[in-house]
>>> print(open('work-v5.cif').read())   # mmCIF, C-alpha atoms and all ligand atoms
data_final
loop_
_atom_site.label_atom_id
_atom_site.label_comp_id
_atom_site.auth_asym_id
_atom_site.auth_seq_id
_atom_site.Cartn_x
_atom_site.Cartn_y
_atom_site.Cartn_z
CA MET O 1 56.70 18.72 71.95
CA LEU O 2 56.12 17.07 68.60
CA SER O 3 54.74 19.50 66.00
CA LEU O 4 52.16 18.06 63.62
CA LEU O 5 50.86 19.19 60.27
CA VAL O 6 47.69 17.38 59.25
CA LEU O 7 46.47 17.07 55.65
CA ILE O 8 42.82 16.34 54.94
CA SER O 9 40.29 16.22 52.10
CA GLY O 10 37.05 15.70 54.02
CA GLY O 11 35.33 16.38 57.31
CA GLY O 12 38.40 15.83 59.45
CA SER O 13 36.71 13.82 62.20
CA ASN O 14 39.94 11.93 62.90
CA LEU O 15 41.79 15.25 62.97
CA ARG O 16 39.26 16.46 65.56
CA SER O 17 40.27 13.57 67.84
CA LEU O 18 43.89 14.61 67.56
CA LEU O 19 43.02 18.25 68.28
CA GLU O 20 40.99 17.22 71.32
CA ALA O 21 43.78 14.95 72.57
CA SER O 22 46.30 17.74 72.23
CA GLU O 23 44.19 20.04 74.42
CA ASP O 24 45.51 17.94 77.30
CA ALA O 25 48.67 19.66 78.54
CA GLU O 26 50.22 16.22 79.11
CA TYR O 27 49.80 15.16 75.48
CA PRO O 28 53.23 15.63 73.86
CA ALA O 29 52.12 16.78 70.39
CA ARG O 30 50.44 19.88 68.93
CA VAL O 31 48.89 20.53 65.53
CA VAL O 32 50.66 23.59 64.07
CA ALA O 33 48.73 23.74 60.79
CA ILE O 34 45.97 22.00 58.85
CA GLY O 35 46.20 21.72 55.07
CA ALA O 36 43.91 20.40 52.35
CA ASP O 37 43.89 19.67 48.62
CA ARG O 38 40.45 21.31 48.27
CA ASP O 39 38.01 23.48 50.18
CA ALA O 40 37.53 20.69 52.71
CA ASP O 41 34.86 20.93 55.43
CA GLY O 42 37.46 19.96 58.03
CA LEU O 43 39.37 23.21 57.47
CA GLY O 44 36.67 24.74 59.70
CA LEU O 45 38.34 22.96 62.62
CA GLY O 46 41.15 25.48 62.27
CA GLU O 47 38.91 28.31 63.41
CA GLU O 48 37.34 26.20 66.14
CA PHE O 49 40.72 25.21 67.62
CA GLY O 50 42.69 28.34 66.68
CA ILE O 51 45.00 26.54 64.24
CA PRO O 52 46.15 28.06 60.91
CA THR O 53 44.87 26.39 57.76
CA PHE O 54 45.73 26.38 54.08
CA ALA O 55 44.37 24.82 50.90
CA VAL O 56 46.45 23.93 47.88
CA ASN O 57 43.70 23.15 45.41
CA TYR O 58 44.63 20.22 43.22
CA GLY O 59 42.59 21.55 40.31
CA SER O 60 44.58 24.80 40.18
CA TYR O 61 47.78 23.05 39.05
CA PRO O 62 48.67 21.56 35.67
CA ASP O 63 49.73 18.20 37.11
CA ARG O 64 50.33 16.21 40.28
CA ALA O 65 54.00 17.17 40.47
CA ALA O 66 53.26 20.91 40.33
CA TRP O 67 50.55 20.51 42.96
CA GLY O 68 52.95 18.53 45.14
CA ASP O 69 55.64 21.20 44.88
CA ALA O 70 53.16 23.90 45.96
CA LEU O 71 51.97 21.71 48.83
CA LEU O 72 55.54 21.08 49.97
CA GLU O 73 56.23 24.80 49.94
CA GLN O 74 53.30 25.35 52.32
CA ILE O 75 54.33 22.44 54.56
CA ARG O 76 57.88 23.79 54.85
CA ILE O 77 56.62 27.10 56.22
CA TRP O 78 55.53 25.22 59.34
CA GLN O 79 58.63 22.99 59.73
CA PRO O 80 56.54 20.21 61.29
CA ASP O 81 58.19 17.23 62.97
CA LEU O 82 55.51 14.96 61.54
CA VAL O 83 53.04 15.21 58.64
CA ILE O 84 49.83 13.19 58.99
CA LEU O 85 47.62 12.26 56.05
CA SER O 86 44.25 12.05 57.77
CA GLY O 87 41.84 11.44 54.93
CA LEU O 88 43.89 13.18 52.23
CA MET O 89 42.39 11.56 49.13
CA ARG O 90 45.33 12.24 46.80
CA LEU O 91 48.51 10.37 46.12
CA LEU O 92 51.51 12.48 47.03
CA PRO O 93 54.09 12.78 44.24
CA PRO O 94 57.40 10.95 44.85
CA ARG O 95 59.27 14.23 45.44
CA VAL O 96 57.00 15.12 48.35
CA VAL O 97 57.24 11.63 49.87
CA ALA O 98 61.04 11.71 49.56
CA ALA O 99 61.23 15.17 51.17
CA LEU O 100 59.12 14.22 54.20
CA SER O 101 59.89 10.53 54.68
CA PRO O 102 59.95 8.88 57.19
CA ASN O 103 58.14 11.62 59.13
CA LEU O 104 54.99 11.10 57.10
CA ILE O 105 52.18 8.81 58.22
CA ASN O 106 48.77 7.91 56.85
CA THR O 107 45.58 6.55 58.33
CA HIS O 108 43.65 3.99 56.30
CA PRO O 109 40.23 2.40 56.92
CA ALA O 110 41.26 -1.24 56.30
CA TYR O 111 43.62 -3.85 57.70
CA LEU O 112 46.50 -3.29 55.28
CA PRO O 113 47.75 -4.82 53.08
CA GLU O 114 44.09 -5.76 52.57
CA PHE O 115 41.97 -3.23 50.67
CA PRO O 116 44.37 -0.37 49.87
CA GLY O 117 43.26 2.64 47.84
CA ALA O 118 40.53 5.22 47.89
CA HIS O 119 37.65 2.84 48.68
CA GLY O 120 38.97 0.64 51.46
CA VAL O 121 35.61 0.30 53.20
CA ARG O 122 33.56 -0.27 50.05
CA ASP O 123 36.07 -2.83 48.75
CA ALA O 124 35.96 -4.85 51.98
CA LEU O 125 32.14 -5.02 51.78
CA ALA O 126 32.23 -5.90 48.07
CA ALA O 127 34.68 -8.73 48.76
CA GLY O 128 32.24 -10.25 51.27
CA ALA O 129 34.85 -10.04 54.04
CA THR O 130 33.73 -10.76 57.60
CA GLN O 131 36.31 -8.46 59.09
CA THR O 132 38.32 -5.46 58.06
CA GLY O 133 40.16 -2.91 60.20
CA ALA O 134 42.11 0.29 60.56
CA SER O 135 45.81 0.91 59.95
CA ILE O 136 48.40 3.60 60.52
CA ILE O 137 51.34 3.36 58.13
CA VAL O 138 54.49 5.21 57.19
CA VAL O 139 53.96 6.58 53.67
CA ASP O 140 56.22 5.25 50.93
CA GLY O 141 56.04 5.53 47.16
CA GLY O 142 53.21 2.98 46.84
CA VAL O 143 49.48 3.13 47.45
CA ASP O 144 48.92 2.37 51.15
CA ALA O 145 51.92 0.05 50.96
CA GLY O 146 54.32 1.51 53.54
CA PRO O 147 55.45 -0.03 56.83
CA ILE O 148 52.59 -0.57 59.29
CA ILE O 149 53.02 1.05 62.70
CA ALA O 150 49.61 0.21 64.20
CA GLN O 151 46.52 -1.68 63.15
CA GLU O 152 43.45 -3.30 64.60
CA ARG O 153 40.65 -5.52 63.33
CA VAL O 154 37.02 -4.38 63.04
CA ALA O 155 34.23 -6.94 62.52
CA ILE O 156 31.86 -6.52 59.59
CA GLU O 157 28.26 -7.05 60.66
CA ALA O 158 25.51 -8.57 58.51
CA GLY O 159 23.74 -5.81 56.59
CA ASP O 160 26.47 -3.24 57.29
CA SER O 161 26.26 -0.17 55.06
CA GLU O 162 29.47 1.47 53.90
CA ALA O 163 28.71 4.51 56.06
CA ALA O 164 27.93 2.50 59.21
CA LEU O 165 31.02 0.34 58.82
CA HIS O 166 33.24 3.35 58.07
CA GLU O 167 31.98 5.08 61.22
CA ARG O 168 32.88 2.03 63.37
CA ILE O 169 36.29 1.85 61.69
CA LYS O 170 36.88 5.54 62.36
CA LEU O 171 36.28 5.00 66.09
CA VAL O 172 39.25 2.62 65.99
CA GLU O 173 41.29 4.83 63.65
CA ARG O 174 40.97 7.77 66.02
CA ARG O 175 42.23 5.77 68.98
CA LEU O 176 45.10 4.29 66.93
CA LEU O 177 46.08 7.71 65.56
CA VAL O 178 46.12 9.45 68.94
CA GLN O 179 48.14 6.55 70.39
CA ALA O 180 50.55 6.36 67.42
CA VAL O 181 51.34 10.07 67.68
CA LEU O 182 51.90 9.64 71.43
CA ASP O 183 54.21 6.67 70.77
CA ILE O 184 56.18 8.64 68.17
CA ALA O 185 56.43 11.68 70.46
CA ASN O 186 57.70 9.71 73.43
CA GLY O 187 60.07 7.61 71.35
CA HIS O 188 58.28 4.25 71.73
CA VAL O 189 57.92 4.20 67.96
CA ASN O 190 60.98 5.28 66.00
CA LEU O 191 59.92 6.19 62.48
CA LYS O 192 63.48 5.84 61.22
CA GLU O 193 63.26 2.13 62.03
CA HIS O 194 60.06 1.98 59.98
CA SER O 195 61.59 3.84 57.07
CA PRO O 196 60.32 2.70 53.71
CA ALA O 197 63.08 0.85 51.83
C1 LIG C 1 39.38 8.11 57.28
O1 LIG C 1 38.68 6.90 57.45
C2 LIG C 1 40.71 7.85 56.62
O2 LIG C 1 41.32 6.67 57.01
C3 LIG C 1 40.30 7.77 55.17
O3 LIG C 1 39.43 8.86 55.03
C4 LIG C 1 38.70 9.01 56.25
C5 LIG C 1 38.73 10.46 56.66
O4 LIG C 1 37.72 10.74 57.57
N1 LIG C 1 41.42 7.81 54.30
C6 LIG C 1 41.53 7.05 53.21
O5 LIG C 1 40.66 6.30 52.81
C7 LIG C 1 42.85 7.21 52.46
N2 LIG C 1 43.03 6.13 51.56
P1 LIG C 1 37.64 12.13 58.33
O6 LIG C 1 37.81 13.22 57.29
O7 LIG C 1 36.29 12.14 58.96
O8 LIG C 1 38.74 12.13 59.36
#
>>> encode(input="work-v5.cif", output="structure tokens")
Amino acid sequence: MLSLLVLISGGGSNLRSLLEASEDAEYPARVVAIGADRDADGLGLGEEFGIPTFAVNYGSYPDRAAWGDALLEQIRIWQPDLVILSGLMRLLPPRVVAALSPNLINTHPAYLPEFPGAHGVRDALAAGATQTGASIIVVDGGVDAGPIIAQERVAIEAGDSEAALHERIKLVERRLLVQAVLDIANGHVNLKEHSPA
């Protein structure tokens, strides 16, 4: 059984898909803890699904490195096999990436390497793209630049709002995430082979 620790900043709707998938006894992964960099709404899923939660508030630390060290300390308590950034809207400091790599993956609402960063959906719309997508990557030291382990295209429709497009992308993200975790758990995807250089 693959143990997962999921880090969020927002509502955690993709996390919910993972929690629902892992209610199936046949699914070979379980979320052992949910963490956040703020008082994220998605932490409420912990109570709903009986999973421990923690918040390491970014604003309570003098800098990114100090925040990262505190976050790593919390993560280590749970000894997870895999850490998933599921809407964590902070860059992890290099020390944290190095400590967890390659067992550290991220979901992103664009077809990487297109539209990396915090506003992947907005940037695709602003660029006038006709299609975007969803990606699951192994985290490296860059911004959404690590090796891609799964991705799929999503069409942009005329008149799409950022919210409507993001919601359609998330439908794909959720499926990709649940499948990627399954593939990692059953050995079809070997993260060591996708290790960032
Ligand atoms: C997801 O679309 C995720 O890919 C994105 O935040 C959303 C979280 O939604 N992450 C990024 O943009 C990271 N660059 P959720 O909280 O409803 O799961």
>>> axis_aligned_box(input="work-v5.cif", around="ligand LIG 1 (chain C)", padding_each_side="3 Å", output="lines of an AutoDock Vina configuration file")
center_x = 39.7
center_y = 9.7
center_z = 55.5
size_x = 12.7
size_y = 13.1
size_z = 13.8
>>> residues_around(input="work-v5.cif", residues="Pro113 (chain O)", least_positions_apart="5", cutoff="10 Å", atoms="only C-alpha atoms", output="number ranges by chain")
O: 135, 143-148
>>> closest_residue(input="work-v5.cif", among="O:Asp81, O:Glu167, O:Glu152, O:Asp69", to="ligand LIG 1 (chain C)", atoms="all atoms listed in the file")
O:Glu167
>>> residues_near_ligand(input="work-v5.cif", ligand="ligand LIG 1 (chain C)", cutoff="8 Å", atoms="only C-alpha atoms and all ligand atoms", output="short mmCIF file (atom, residue, chain, number, x, y, z; two decimals) with C-alpha atoms, in the coordinates of the input")
data_model
loop_
_atom_site.label_atom_id
_atom_site.label_comp_id
_atom_site.auth_asym_id
_atom_site.auth_seq_id
_atom_site.Cartn_x
_atom_site.Cartn_y
_atom_site.Cartn_z
CA ILE O 8 42.82 16.34 54.94
CA SER O 9 40.29 16.22 52.10
CA GLY O 10 37.05 15.70 54.02
CA GLY O 11 35.33 16.38 57.31
CA GLY O 12 38.40 15.83 59.45
CA SER O 13 36.71 13.82 62.20
CA ASN O 14 39.94 11.93 62.90
CA LEU O 15 41.79 15.25 62.97
CA ARG O 16 39.26 16.46 65.56
CA GLY O 42 37.46 19.96 58.03
CA LEU O 85 47.62 12.26 56.05
CA SER O 86 44.25 12.05 57.77
CA GLY O 87 41.84 11.44 54.93
CA LEU O 88 43.89 13.18 52.23
CA MET O 89 42.39 11.56 49.13
CA ARG O 90 45.33 12.24 46.80
CA ASN O 106 48.77 7.91 56.85
CA THR O 107 45.58 6.55 58.33
CA HIS O 108 43.65 3.99 56.30
CA PRO O 109 40.23 2.40 56.92
CA ALA O 110 41.26 -1.24 56.30
CA PRO O 116 44.37 -0.37 49.87
CA GLY O 117 43.26 2.64 47.84
CA ALA O 118 40.53 5.22 47.89
CA HIS O 119 37.65 2.84 48.68
CA GLY O 120 38.97 0.64 51.46
CA VAL O 121 35.61 0.30 53.20
CA ALA O 134 42.11 0.29 60.56
CA SER O 135 45.81 0.91 59.95
CA ASP O 144 48.92 2.37 51.15
CA HIS O 166 33.24 3.35 58.07
CA GLU O 167 31.98 5.08 61.22
CA ILE O 169 36.29 1.85 61.69
CA LYS O 170 36.88 5.54 62.36
CA GLU O 173 41.29 4.83 63.65
#
>>> closest_residue(input="work-v5.cif", among="O:Leu104, O:Val178, O:Ala129, O:Leu4", to="Lys192 (chain O)", atoms="only C-alpha atoms")
O:Leu104
>>> atom_distance(input="work-v5.cif", atom1="CA of Leu125 (chain O)", atom2="CA of Ile149 (chain O)")
24.3 Å
>>> residues_around(input="work-v5.cif", residues="Ala29 (chain O)", least_positions_apart="5", cutoff="6 Å", atoms="only C-alpha atoms", output="VMD selection string")
chain O and resid 1 to 3
>>> write_last_selection(input="work-v5.cif", atoms="C-alpha atoms", output="JSON list (two decimals), in the frame of the given file")
[["chain", "number", "residue", "atom", "x", "y", "z"],
["O", 1, "MET", "CA", 56.70, 18.72, 71.95],
["O", 2, "LEU", "CA", 56.12, 17.07, 68.60],
["O", 3, "SER", "CA", 54.74, 19.50, 66.00]]
>>> residues_around(input="work-v5.cif", residues="Asn190 (chain O)", least_positions_apart="6", cutoff="10 Å", atoms="all atoms listed in the file", output="PyMOL selection string")
chain O and resi 102-103+149+183-184
>>> atom_distance(input="work-v5.cif", atom1="CA of Ala126 (chain O)", atom2="CA of Leu92 (chain O)")
26.7 Å
>>> atom_distance(input="work-v5.cif", atom1="CA of Leu171 (chain O)", atom2="CA of Ile137 (chain O)")
17.1 Å
>>> closest_residue(input="work-v5.cif", among="O:Gly46, O:Ile136, O:Gly141, O:Ala55", to="Leu91 (chain O)", atoms="all atoms listed in the file")
O:Gly141
>>> closest_residue(input="work-v5.cif", among="O:Leu177, O:Ala36, O:Val139, O:Leu71", to="Ser101 (chain O)", atoms="all atoms listed in the file")
O:Val139
>>> residues_around(input="work-v5.cif", residues="region 73-75 of chain O", least_positions_apart="5", cutoff="9 Å", atoms="all atoms listed in the file", output="ChimeraX atom specification")
/O:5,33,35,54,56,68,80,83
>>> write_last_selection(input="work-v5.cif", atoms="C-alpha atoms", output="PDB file, keeping the file's coordinate frame")
ATOM      1  CA  LEU O   5      50.860  19.190  60.270  1.00  0.00           C
ATOM      2  CA  ALA O  33      48.730  23.740  60.790  1.00  0.00           C
ATOM      3  CA  GLY O  35      46.200  21.720  55.070  1.00  0.00           C
ATOM      4  CA  PHE O  54      45.730  26.380  54.080  1.00  0.00           C
ATOM      5  CA  VAL O  56      46.450  23.930  47.880  1.00  0.00           C
ATOM      6  CA  GLY O  68      52.950  18.530  45.140  1.00  0.00           C
ATOM      7  CA  PRO O  80      56.540  20.210  61.290  1.00  0.00           C
ATOM      8  CA  VAL O  83      53.040  15.210  58.640  1.00  0.00           C
TER       9      VAL O  83
END
>>> residues_around(input="work-v5.cif", residues="Glu48 (chain O)", least_positions_apart="4", cutoff="12 Å", atoms="only C-alpha atoms", output="list of chain:residue names")
O:Arg16, O:Leu19, O:Glu20, O:Gly42, O:Leu43, O:Gly44, O:Pro52, O:Thr53
